[in-house]
>>> print(open('model_7.cif').read())   # mmCIF, C-alpha atoms and all ligand atoms
data_coords
loop_
_atom_site.label_atom_id
_atom_site.label_comp_id
_atom_site.auth_asym_id
_atom_site.auth_seq_id
_atom_site.Cartn_x
_atom_site.Cartn_y
_atom_site.Cartn_z
CA MET X 1 0.97 -50.23 -75.28
CA ASP X 2 -2.76 -49.93 -74.70
CA GLN X 3 -3.89 -47.48 -72.03
CA SER X 4 -5.41 -50.37 -70.05
CA ASP X 5 -1.92 -51.94 -69.76
CA VAL X 6 -0.82 -48.93 -67.72
CA GLY X 7 -2.88 -50.33 -64.83
CA SER X 8 -0.09 -52.65 -63.71
CA ASP X 9 2.31 -49.68 -63.49
CA LEU X 10 0.12 -47.96 -60.94
CA ALA X 11 0.06 -48.53 -57.20
CA GLU X 12 -2.96 -46.52 -56.13
CA VAL X 13 -5.38 -43.98 -57.56
CA LEU X 14 -5.15 -40.95 -55.25
CA LEU X 15 -7.67 -38.71 -57.01
CA THR X 16 -10.36 -39.83 -59.42
CA GLU X 17 -11.55 -37.94 -62.46
CA GLU X 18 -14.71 -37.05 -60.51
CA GLN X 19 -12.75 -35.64 -57.58
CA LEU X 20 -10.64 -33.51 -59.93
CA SER X 21 -13.73 -32.30 -61.76
CA LYS X 22 -15.52 -31.29 -58.56
CA LYS X 23 -12.53 -29.29 -57.39
CA LEU X 24 -12.15 -27.59 -60.77
CA ASP X 25 -15.77 -26.40 -60.53
CA GLU X 26 -15.05 -24.83 -57.13
CA MET X 27 -11.79 -23.23 -58.21
CA ALA X 28 -13.39 -21.74 -61.34
CA ALA X 29 -16.30 -20.29 -59.35
CA GLN X 30 -13.86 -18.58 -56.96
CA ILE X 31 -11.76 -17.21 -59.80
CA ASP X 32 -14.85 -15.88 -61.59
CA ALA X 33 -15.93 -14.10 -58.42
CA ASP X 34 -12.50 -12.71 -57.54
CA TYR X 35 -11.68 -11.34 -60.98
CA ALA X 36 -15.13 -9.99 -61.89
CA GLY X 37 -14.69 -6.83 -63.95
CA LYS X 38 -10.92 -7.29 -64.14
CA ASP X 39 -8.51 -8.26 -66.87
CA LEU X 40 -7.05 -11.77 -66.40
CA LEU X 41 -4.09 -13.54 -67.99
CA LEU X 42 -3.68 -17.23 -67.22
CA VAL X 43 -0.07 -18.40 -67.36
CA GLY X 44 0.30 -22.16 -67.73
CA VAL X 45 3.55 -23.85 -66.83
CA LEU X 46 4.38 -26.50 -69.42
CA LYS X 47 4.06 -29.34 -69.69
CA GLY X 48 2.38 -30.48 -66.49
CA ALA X 49 -0.26 -27.76 -66.28
CA VAL X 50 -1.82 -28.45 -69.69
CA MET X 51 -4.71 -30.50 -68.28
CA VAL X 52 -5.46 -28.08 -65.44
CA MET X 53 -5.30 -25.13 -67.81
CA ALA X 54 -7.66 -26.74 -70.33
CA ASP X 55 -10.17 -27.92 -67.75
CA LEU X 56 -10.07 -24.86 -65.48
CA SER X 57 -10.23 -22.26 -68.25
CA ARG X 58 -13.23 -23.94 -69.86
CA ARG X 59 -15.15 -23.67 -66.58
CA LEU X 60 -14.57 -19.93 -66.31
CA HIS X 61 -17.28 -17.54 -67.42
CA HIS X 62 -14.75 -14.74 -67.13
CA PRO X 63 -13.00 -13.79 -70.39
CA VAL X 64 -9.29 -14.63 -70.13
CA GLN X 65 -6.16 -14.70 -72.17
CA MET X 66 -3.69 -17.57 -71.95
CA ASP X 67 0.04 -17.75 -72.27
CA TRP X 68 2.58 -20.47 -71.59
CA MET X 69 6.01 -20.83 -70.08
CA ALA X 70 8.32 -23.79 -69.88
CA VAL X 71 10.74 -23.97 -66.99
CA SER X 72 12.94 -26.77 -65.84
CA SER X 73 13.81 -27.71 -62.31
CA TYR X 74 13.76 -31.47 -62.67
CA GLY X 75 15.65 -33.82 -64.98
CA SER X 76 13.91 -36.98 -66.09
CA GLY X 77 14.04 -38.22 -62.48
CA THR X 78 11.93 -37.45 -59.45
CA LYS X 79 14.04 -35.00 -57.38
CA SER X 80 14.09 -31.19 -57.60
CA SER X 81 17.44 -29.77 -58.58
CA GLY X 82 16.53 -26.39 -57.10
CA VAL X 83 17.96 -24.74 -60.23
CA VAL X 84 15.30 -23.16 -62.44
CA ARG X 85 15.87 -22.47 -66.12
CA ILE X 86 13.47 -20.78 -68.54
CA LEU X 87 13.13 -23.14 -71.52
CA MET X 88 10.41 -21.05 -73.19
CA ASP X 89 9.36 -17.60 -72.09
CA LEU X 90 5.97 -15.84 -72.24
CA ARG X 91 5.02 -13.85 -75.30
CA ALA X 92 2.72 -11.56 -73.33
CA ASP X 93 3.86 -8.28 -71.81
CA LEU X 94 2.85 -8.44 -68.14
CA THR X 95 2.83 -4.70 -67.51
CA GLY X 96 -0.34 -3.83 -65.59
CA ARG X 97 -1.84 -7.32 -66.03
CA ASN X 98 -3.54 -9.53 -63.47
CA VAL X 99 -1.60 -12.77 -63.81
CA LEU X 100 -2.80 -16.13 -62.53
CA ILE X 101 -0.17 -18.86 -62.71
CA VAL X 102 -1.79 -22.24 -63.40
CA GLU X 103 0.19 -25.20 -62.08
CA ASP X 104 -0.17 -28.94 -61.76
CA ILE X 105 1.63 -29.45 -58.45
CA ILE X 106 3.58 -27.66 -55.75
CA ASP X 107 6.18 -30.03 -54.36
CA SER X 108 9.19 -28.27 -52.81
CA GLY X 109 7.73 -24.97 -54.00
CA LEU X 110 11.17 -23.94 -55.30
CA THR X 111 10.03 -23.61 -58.92
CA LEU X 112 6.97 -21.55 -58.12
CA SER X 113 8.60 -19.22 -55.62
CA TRP X 114 11.25 -18.50 -58.25
CA LEU X 115 8.59 -18.05 -60.93
CA VAL X 116 6.45 -15.71 -58.84
CA SER X 117 9.37 -13.36 -58.18
CA ASN X 118 10.44 -13.55 -61.82
CA LEU X 119 6.93 -12.59 -63.03
CA ARG X 120 6.53 -9.90 -60.33
CA SER X 121 9.67 -8.21 -61.66
CA ARG X 122 7.89 -7.64 -65.02
CA GLY X 123 5.52 -4.96 -63.71
CA PRO X 124 2.17 -6.81 -63.45
CA GLU X 125 -0.77 -5.51 -61.43
CA SER X 126 -0.97 -8.82 -59.52
CA VAL X 127 0.43 -12.36 -59.55
CA GLU X 128 -1.51 -15.22 -57.96
CA ILE X 129 -1.28 -19.02 -58.12
CA ALA X 130 -3.78 -21.77 -58.88
CA SER X 131 -2.49 -25.32 -58.41
CA MET X 132 -4.39 -28.59 -58.57
CA LEU X 133 -2.05 -30.39 -56.15
CA ARG X 134 0.25 -29.54 -53.26
CA LYS X 135 2.50 -31.67 -51.06
CA PRO X 136 2.57 -29.81 -47.72
CA ASP X 137 5.19 -32.17 -46.25
CA ALA X 138 7.67 -31.44 -49.06
CA ALA X 139 7.67 -27.64 -48.75
CA GLN X 140 11.09 -25.99 -48.87
CA ALA X 141 9.92 -22.55 -49.98
CA ASP X 142 6.99 -20.46 -48.86
CA VAL X 143 4.43 -20.30 -51.66
CA ASP X 144 1.10 -18.52 -51.26
CA VAL X 145 -1.45 -20.51 -53.28
CA LYS X 146 -4.71 -18.64 -53.77
CA TYR X 147 -6.63 -21.47 -55.49
CA LEU X 148 -5.79 -25.00 -54.44
CA GLY X 149 -7.23 -28.33 -55.53
CA TYR X 150 -5.96 -31.00 -53.13
CA ASP X 151 -3.20 -31.51 -50.59
CA ILE X 152 -1.63 -34.93 -51.14
CA PRO X 153 0.93 -37.08 -49.27
CA ASN X 154 4.63 -36.63 -50.01
CA GLU X 155 4.75 -39.30 -52.74
CA PHE X 156 5.64 -39.12 -56.41
CA VAL X 157 2.44 -39.05 -58.45
CA VAL X 158 1.59 -39.27 -62.15
CA GLY X 159 -1.40 -38.54 -64.34
CA TYR X 160 -3.52 -35.50 -65.11
CA GLY X 161 -0.54 -33.83 -66.80
CA LEU X 162 2.14 -35.21 -64.48
CA ASP X 163 4.76 -37.53 -65.94
CA TYR X 164 7.38 -40.06 -65.07
CA ALA X 165 10.02 -39.89 -67.84
CA GLU X 166 7.33 -38.29 -70.07
CA ASN X 167 4.85 -41.12 -69.62
CA TYR X 168 1.41 -41.19 -67.95
CA ARG X 169 0.54 -37.52 -68.58
CA ASN X 170 -2.71 -38.44 -70.32
CA LEU X 171 -4.17 -40.45 -67.46
CA PRO X 172 -7.41 -38.66 -66.49
CA PHE X 173 -6.75 -39.33 -62.75
CA VAL X 174 -3.82 -38.94 -60.31
CA ALA X 175 -2.03 -42.10 -59.16
CA THR X 176 1.12 -43.36 -57.48
CA LEU X 177 3.48 -45.62 -59.39
CA ALA X 178 4.22 -49.26 -58.63
CA PRO X 179 7.82 -49.87 -57.42
CA HIS X 180 8.72 -51.97 -60.50
CA VAL X 181 8.37 -48.85 -62.70
CA TYR X 182 11.28 -47.27 -60.80
CA GLY X 183 13.30 -50.42 -61.31
CA GLY X 184 12.40 -51.68 -57.81
P1 LIG D 201 8.80 -28.12 -57.08
O1 LIG D 201 9.75 -27.08 -57.57
O2 LIG D 201 7.62 -27.54 -56.34
O3 LIG D 201 9.52 -29.12 -56.24
O4 LIG D 201 8.23 -28.93 -58.32
C1 LIG D 201 8.44 -28.51 -59.62
C2 LIG D 201 7.85 -29.41 -60.66
O5 LIG D 201 8.29 -30.75 -60.47
C3 LIG D 201 6.33 -29.51 -60.69
O6 LIG D 201 5.71 -28.44 -61.37
C4 LIG D 201 6.16 -30.83 -61.44
O7 LIG D 201 6.26 -30.63 -62.83
C5 LIG D 201 7.33 -31.66 -60.92
N1 LIG D 201 6.87 -32.51 -59.81
C6 LIG D 201 6.87 -32.25 -58.49
N2 LIG D 201 6.33 -33.27 -57.78
C7 LIG D 201 5.96 -34.20 -58.70
C8 LIG D 201 5.31 -35.49 -58.60
O8 LIG D 201 4.93 -36.01 -57.55
N3 LIG D 201 5.10 -36.13 -59.78
C9 LIG D 201 5.47 -35.62 -60.99
N4 LIG D 201 5.21 -36.34 -62.05
N5 LIG D 201 6.08 -34.42 -61.12
C10 LIG D 201 6.31 -33.72 -59.98
MG MG D 202 4.39 -27.96 -63.03
MG MG D 203 8.04 -33.95 -65.01
#
>>> encode(input="model_7.cif", output="C-alpha cells", more="lines below")
Ligand code: 5GP
Ligand code: MG
Ligand code: MG
Amino acid sequence: MDQSDVGSDLAEVLLTEEQLSKKLDEMAAQIDADYAGKDLLLVGVLKGAVMVMADLSRRLHHPVQMDWMAVSSYGSGTKSSGVVRILMDLRADLTGRNVLIVEDIIDSGLTLSWLVSNLRSRGPESVEIASMLRKPDAAQADVDVKYLGYDIPNEFVVGYGLDYAENYRNLPFVATLAPHVYGG
C-alpha cells in the first residue's frame, strides 16, 4: 500500500503538520524557560509518543536525557480497559530527577493518572506532563497537563504516532478515520 492510498481511509484532517509544528515550537519554548538551570529527564510513552518526543526534544535548547516506557491500557481496539500494565519499564533511576512525561494523547486520562502516581512513588524531584492532544469530553480521571498541544473533539484519531490496529502511526498529521475502516 502506498501512503497516498491511505487517503480513502481518512475522514477528516483535524490537525495539519503546520499546526503541530507551530504548537511544538511554543511547547519547547515554555519547557526551556521553565527548566532553565535544572536537570530534565523526558519520559516517552511508547509507542504513540515517539513522534512528539522526537519533534519536541529537537526543539529544546535545554540539555535533556530521554527514557522510554511501554504501558498498555488498550487492546487493538478503541476503548480504554482502565487496567494499566507495564510492558517495558524505565532504565533510569528517578531519584531526585525532574521528570517530564511526553505523551501523544490524553483520552480518559486513566493511563496517565496511573503513570503519574507510579512515577511519583520512585522519589523524583518533580513529575509533569506534556501531551500533544487531549480530549476534554472524554475525561474520567483528573490529569494536570503542564504543556498541552491541542484539545480535540471526543473522536478516535490516528496519525502523528497514533494508531488503529498499528496502522497510520507515520502520518505526519492527525486525522479521523472513515467508517469503512472500522467495518462500517
Ligand atoms: P487514556 O488512558 O487517556 O484513555 O488513553 C490511553 C492511550 O490510549 C493513549 O496514550 C493512546 O495511546 C490511546 N488512545 C486514546 N485515544 C486515542 C485515539 O483517539 N486514537 C488512538 N489512535 N489512540 C488513542
Ligand atoms: Mg500514549
Ligand atoms: Mg494504540
>>> residues_near_point(input="model_7.cif", point="(3.7, -37.0, -51.2)", cutoff="12 Å", atoms="only C-alpha atoms", output="VMD selection string")
chain X and resid 14 78 105 to 108 133 to 139 150 to 158 174 to 177
>>> closest_residue(input="model_7.cif", among="X:Ser73, X:Gln30, X:Gln65, X:Ser126", to="ligand LIG 201 (chain D)", atoms="only C-alpha atoms and all ligand atoms")
X:Ser73
>>> atom_distance(input="model_7.cif", atom1="atom CA of Lys38 of chain X", atom2="atom CA of Asp142 of chain X")
27.0 Å
>>> residues_around(input="model_7.cif", residues="Asp32 of chain X", least_positions_apart="2", cutoff="12 Å", atoms="only C-alpha atoms", output="ChimeraX atom specification")
/X:25-30,34-40,56-64,147
>>> write_last_selection(input="model_7.cif", atoms="C-alpha atoms", output="compact mmCIF listing (two decimals), in the coordinates of the input")
# COMPACT_ATOMS: atom_id res chain seq x y z
CA ASP X 25 -15.77 -26.40 -60.53
CA GLU X 26 -15.05 -24.83 -57.13
CA MET X 27 -11.79 -23.23 -58.21
CA ALA X 28 -13.39 -21.74 -61.34
CA ALA X 29 -16.30 -20.29 -59.35
CA GLN X 30 -13.86 -18.58 -56.96
CA ASP X 34 -12.50 -12.71 -57.54
CA TYR X 35 -11.68 -11.34 -60.98
CA ALA X 36 -15.13 -9.99 -61.89
CA GLY X 37 -14.69 -6.83 -63.95
CA LYS X 38 -10.92 -7.29 -64.14
CA ASP X 39 -8.51 -8.26 -66.87
CA LEU X 40 -7.05 -11.77 -66.40
CA LEU X 56 -10.07 -24.86 -65.48
CA SER X 57 -10.23 -22.26 -68.25
CA ARG X 58 -13.23 -23.94 -69.86
CA ARG X 59 -15.15 -23.67 -66.58
CA LEU X 60 -14.57 -19.93 -66.31
CA HIS X 61 -17.28 -17.54 -67.42
CA HIS X 62 -14.75 -14.74 -67.13
CA PRO X 63 -13.00 -13.79 -70.39
CA VAL X 64 -9.29 -14.63 -70.13
CA TYR X 147 -6.63 -21.47 -55.49
>>> residues_around(input="model_7.cif", residues="Glu17 of chain X", least_positions_apart="3", cutoff="10 Å", atoms="all atoms listed in the file", output="ChimeraX atom specification")
/X:13,20-22,160,171-174
>>> closest_residue(input="model_7.cif", among="X:Leu90, X:Leu15, X:Val71, X:Leu148", to="ligand MG 203 (chain D)", atoms="all atoms listed in the file")
X:Val71
>>> atom_distance(input="model_7.cif", atom1="atom CA of Ala49 of chain X", atom2="atom C9 of ligand LIG 201 (chain D)")
11.1 Å
>>> residues_around(input="model_7.cif", residues="Val127 of chain X", least_positions_apart="4", cutoff="10 Å", atoms="all atoms listed in the file", output="number ranges by chain")
X: 41-43, 94, 97-101, 116-117, 119-120, 123, 146
>>> closest_atom_pairs(input="model_7.cif", of="chain X", to="ligand MG 202 (chain D)", cutoff="7 Å", atoms="all atoms listed in the file", output="CSV")
residue,atom,partner,partner_atom,distance
X:Val45,CA,D:MG202,MG,5.7
X:Leu46,CA,D:MG202,MG,6.6
X:Lys47,CA,D:MG202,MG,6.8
X:Gly48,CA,D:MG202,MG,4.7
X:Ala49,CA,D:MG202,MG,5.7
X:Glu103,CA,D:MG202,MG,5.1
X:Asp104,CA,D:MG202,MG,4.8
X:Ile105,CA,D:MG202,MG,5.6
>>> write_last_selection(input="model_7.cif", atoms="C-alpha atoms", output="compact mmCIF listing (two decimals), in the frame of the given file")
# COMPACT_ATOMS: atom_id res chain seq x y z
CA VAL X 45 3.55 -23.85 -66.83
CA LEU X 46 4.38 -26.50 -69.42
CA LYS X 47 4.06 -29.34 -69.69
CA GLY X 48 2.38 -30.48 -66.49
CA ALA X 49 -0.26 -27.76 -66.28
CA GLU X 103 0.19 -25.20 -62.08
CA ASP X 104 -0.17 -28.94 -61.76
CA ILE X 105 1.63 -29.45 -58.45
>>> residues_around(input="model_7.cif", residues="Arg91 of chain X", least_positions_apart="3", cutoff="10 Å", atoms="all atoms listed in the file", output="compact mmCIF listing (two decimals) with C-alpha atoms, in the coordinates of the input")
# COMPACT_ATOMS: atom_id res chain seq x y z
CA ASP X 67 0.04 -17.75 -72.27
CA TRP X 68 2.58 -20.47 -71.59
CA MET X 69 6.01 -20.83 -70.08
CA MET X 88 10.41 -21.05 -73.19
CA LEU X 94 2.85 -8.44 -68.14
>>> axis_aligned_box(input="model_7.cif", around="ligand LIG 201 (chain D)", padding_each_side="5 Å", output="lines of an AutoDock Vina configuration file")
center_x = 7.3
center_y = -31.7
center_z = -59.5
size_x = 14.8
size_y = 19.3
size_z = 16.6
>>> atom_distance(input="model_7.cif", atom1="atom CA of Gly149 of chain X", atom2="atom CA of Lys23 of chain X")
5.7 Å
>>> closest_residue(input="model_7.cif", among="X:Asp163, X:Ser72, X:Asp144, X:Ser131", to="ligand LIG 201 (chain D)", atoms="all atoms listed in the file")
X:Asp163
>>> closest_residue(input="model_7.cif", among="X:Leu112, X:Ala165, X:Val143, X:Ala178", to="ligand MG 203 (chain D)", atoms="only C-alpha atoms and all ligand atoms")
X:Ala165
>>> closest_residue(input="model_7.cif", among="X:Ala70, X:Ala141, X:Leu115, X:Ala33", to="ligand MG 203 (chain D)", atoms="only C-alpha atoms and all ligand atoms")
X:Ala70
>>> closest_residue(input="model_7.cif", among="X:Val6, X:Ala92, X:Leu162, X:Val50", to="ligand LIG 201 (chain D)", atoms="all atoms listed in the file")
X:Leu162
>>> residues_around(input="model_7.cif", residues="Met51 of chain X", least_positions_apart="3", cutoff="7 Å", atoms="only C-alpha atoms", output="PyMOL selection string")
chain X and resi 54-55+160-161
>>> decode(input="model_7.cif", residues="segment 87-119 of chain X", atoms="N, CA and C atoms", output="PDB file, in the first residue's frame")
ATOM      1  N   LEU X  87       4.564  -2.804  30.202  1.00  0.00           N
ATOM      2  CA  LEU X  87       5.113  -3.769  29.250  1.00  0.00           C
ATOM      3  C   LEU X  87       6.632  -3.646  29.196  1.00  0.00           C
ATOM      4  N   MET X  88       7.125  -2.406  29.387  1.00  0.00           N
ATOM      5  CA  MET X  88       8.574  -2.172  29.439  1.00  0.00           C
ATOM      6  C   MET X  88       8.812  -1.007  30.386  1.00  0.00           C
ATOM      7  N   ASP X  89       9.679  -1.231  31.365  1.00  0.00           N
ATOM      8  CA  ASP X  89       9.883  -0.186  32.370  1.00  0.00           C
ATOM      9  C   ASP X  89      11.067   0.710  31.995  1.00  0.00           C
ATOM     10  N   LEU X  90      11.186   1.845  32.706  1.00  0.00           N
ATOM     11  CA  LEU X  90      12.309   2.756  32.521  1.00  0.00           C
ATOM     12  C   LEU X  90      13.601   2.077  32.933  1.00  0.00           C
ATOM     13  N   ARG X  91      14.704   2.552  32.353  1.00  0.00           N
ATOM     14  CA  ARG X  91      16.012   2.121  32.850  1.00  0.00           C
ATOM     15  C   ARG X  91      16.531   3.125  33.866  1.00  0.00           C
ATOM     16  N   ALA X  92      16.108   4.372  33.732  1.00  0.00           N
ATOM     17  CA  ALA X  92      16.626   5.438  34.590  1.00  0.00           C
ATOM     18  C   ALA X  92      16.101   5.317  36.017  1.00  0.00           C
ATOM     19  N   ASP X  93      16.957   5.686  36.959  1.00  0.00           N
ATOM     20  CA  ASP X  93      16.585   5.848  38.359  1.00  0.00           C
ATOM     21  C   ASP X  93      16.013   7.264  38.483  1.00  0.00           C
ATOM     22  N   LEU X  94      14.811   7.393  39.024  1.00  0.00           N
ATOM     23  CA  LEU X  94      14.151   8.702  39.053  1.00  0.00           C
ATOM     24  C   LEU X  94      14.462   9.513  40.308  1.00  0.00           C
ATOM     25  N   THR X  95      15.221   8.943  41.214  1.00  0.00           N
ATOM     26  CA  THR X  95      15.508   9.629  42.473  1.00  0.00           C
ATOM     27  C   THR X  95      16.077  11.026  42.237  1.00  0.00           C
ATOM     28  N   GLY X  96      15.378  12.034  42.728  1.00  0.00           N
ATOM     29  CA  GLY X  96      15.840  13.417  42.634  1.00  0.00           C
ATOM     30  C   GLY X  96      15.763  14.051  41.259  1.00  0.00           C
ATOM     31  N   ARG X  97      15.157  13.348  40.287  1.00  0.00           N
ATOM     32  CA  ARG X  97      15.113  13.867  38.910  1.00  0.00           C
ATOM     33  C   ARG X  97      13.871  14.717  38.668  1.00  0.00           C
ATOM     34  N   ASN X  98      13.997  15.670  37.733  1.00  0.00           N
ATOM     35  CA  ASN X  98      12.824  16.358  37.204  1.00  0.00           C
ATOM     36  C   ASN X  98      12.359  15.579  35.985  1.00  0.00           C
ATOM     37  N   VAL X  99      11.187  14.983  36.099  1.00  0.00           N
ATOM     38  CA  VAL X  99      10.669  14.099  35.056  1.00  0.00           C
ATOM     39  C   VAL X  99       9.560  14.810  34.283  1.00  0.00           C
ATOM     40  N   LEU X 100       9.659  14.775  32.960  1.00  0.00           N
ATOM     41  CA  LEU X 100       8.581  15.292  32.126  1.00  0.00           C
ATOM     42  C   LEU X 100       8.072  14.143  31.249  1.00  0.00           C
ATOM     43  N   ILE X 101       6.861  13.702  31.528  1.00  0.00           N
ATOM     44  CA  ILE X 101       6.252  12.639  30.728  1.00  0.00           C
ATOM     45  C   ILE X 101       5.801  13.236  29.396  1.00  0.00           C
ATOM     46  N   VAL X 102       6.197  12.595  28.310  1.00  0.00           N
ATOM     47  CA  VAL X 102       5.826  13.069  26.972  1.00  0.00           C
ATOM     48  C   VAL X 102       4.810  12.097  26.394  1.00  0.00           C
ATOM     49  N   GLU X 103       3.639  12.602  26.079  1.00  0.00           N
ATOM     50  CA  GLU X 103       2.527  11.756  25.633  1.00  0.00           C
ATOM     51  C   GLU X 103       1.939  12.243  24.320  1.00  0.00           C
ATOM     52  N   ASP X 104       1.323  11.320  23.599  1.00  0.00           N
ATOM     53  CA  ASP X 104       0.609  11.667  22.379  1.00  0.00           C
ATOM     54  C   ASP X 104      -0.761  12.264  22.686  1.00  0.00           C
ATOM     55  N   ILE X 105      -1.522  11.573  23.557  1.00  0.00           N
ATOM     56  CA  ILE X 105      -2.923  11.977  23.743  1.00  0.00           C
ATOM     57  C   ILE X 105      -3.415  11.605  25.138  1.00  0.00           C
ATOM     58  N   ILE X 106      -4.244  12.474  25.692  1.00  0.00           N
ATOM     59  CA  ILE X 106      -4.946  12.156  26.932  1.00  0.00           C
ATOM     60  C   ILE X 106      -6.413  11.990  26.574  1.00  0.00           C
ATOM     61  N   ASP X 107      -6.887  10.773  26.711  1.00  0.00           N
ATOM     62  CA  ASP X 107      -8.270  10.459  26.359  1.00  0.00           C
ATOM     63  C   ASP X 107      -9.064  10.397  27.666  1.00  0.00           C
ATOM     64  N   SER X 108      -9.223   9.232  28.250  1.00  0.00           N
ATOM     65  CA  SER X 108      -9.891   9.136  29.559  1.00  0.00           C
ATOM     66  C   SER X 108      -8.986   9.717  30.650  1.00  0.00           C
ATOM     67  N   GLY X 109      -7.697   9.706  30.410  1.00  0.00           N
ATOM     68  CA  GLY X 109      -6.747  10.160  31.435  1.00  0.00           C
ATOM     69  C   GLY X 109      -6.367   9.056  32.412  1.00  0.00           C
ATOM     70  N   LEU X 110      -6.973   7.885  32.271  1.00  0.00           N
ATOM     71  CA  LEU X 110      -6.735   6.776  33.212  1.00  0.00           C
ATOM     72  C   LEU X 110      -5.284   6.313  33.178  1.00  0.00           C
ATOM     73  N   THR X 111      -4.731   6.185  31.974  1.00  0.00           N
ATOM     74  CA  THR X 111      -3.345   5.729  31.848  1.00  0.00           C
ATOM     75  C   THR X 111      -2.381   6.712  32.504  1.00  0.00           C
ATOM     76  N   LEU X 112      -2.563   7.988  32.194  1.00  0.00           N
ATOM     77  CA  LEU X 112      -1.624   8.985  32.706  1.00  0.00           C
ATOM     78  C   LEU X 112      -1.750   9.199  34.200  1.00  0.00           C
ATOM     79  N   SER X 113      -2.958   9.180  34.730  1.00  0.00           N
ATOM     80  CA  SER X 113      -3.089   9.398  36.177  1.00  0.00           C
ATOM     81  C   SER X 113      -2.441   8.235  36.917  1.00  0.00           C
ATOM     82  N   TRP X 114      -2.562   7.036  36.358  1.00  0.00           N
ATOM     83  CA  TRP X 114      -1.878   5.876  36.939  1.00  0.00           C
ATOM     84  C   TRP X 114      -0.366   6.035  36.821  1.00  0.00           C
ATOM     85  N   LEU X 115       0.082   6.480  35.656  1.00  0.00           N
ATOM     86  CA  LEU X 115       1.516   6.613  35.404  1.00  0.00           C
ATOM     87  C   LEU X 115       2.152   7.681  36.292  1.00  0.00           C
ATOM     88  N   VAL X 116       1.465   8.800  36.449  1.00  0.00           N
ATOM     89  CA  VAL X 116       1.992   9.876  37.292  1.00  0.00           C
ATOM     90  C   VAL X 116       2.183   9.381  38.718  1.00  0.00           C
ATOM     91  N   SER X 117       1.194   8.674  39.274  1.00  0.00           N
ATOM     92  CA  SER X 117       1.385   8.213  40.658  1.00  0.00           C
ATOM     93  C   SER X 117       2.435   7.116  40.742  1.00  0.00           C
ATOM     94  N   ASN X 118       2.536   6.293  39.711  1.00  0.00           N
ATOM     95  CA  ASN X 118       3.588   5.283  39.693  1.00  0.00           C
ATOM     96  C   ASN X 118       4.978   5.939  39.695  1.00  0.00           C
ATOM     97  N   LEU X 119       5.178   6.953  38.836  1.00  0.00           N
ATOM     98  CA  LEU X 119       6.492   7.604  38.760  1.00  0.00           C
ATOM     99  C   LEU X 119       6.779   8.428  40.013  1.00  0.00           C
TER     100      LEU X 119
END
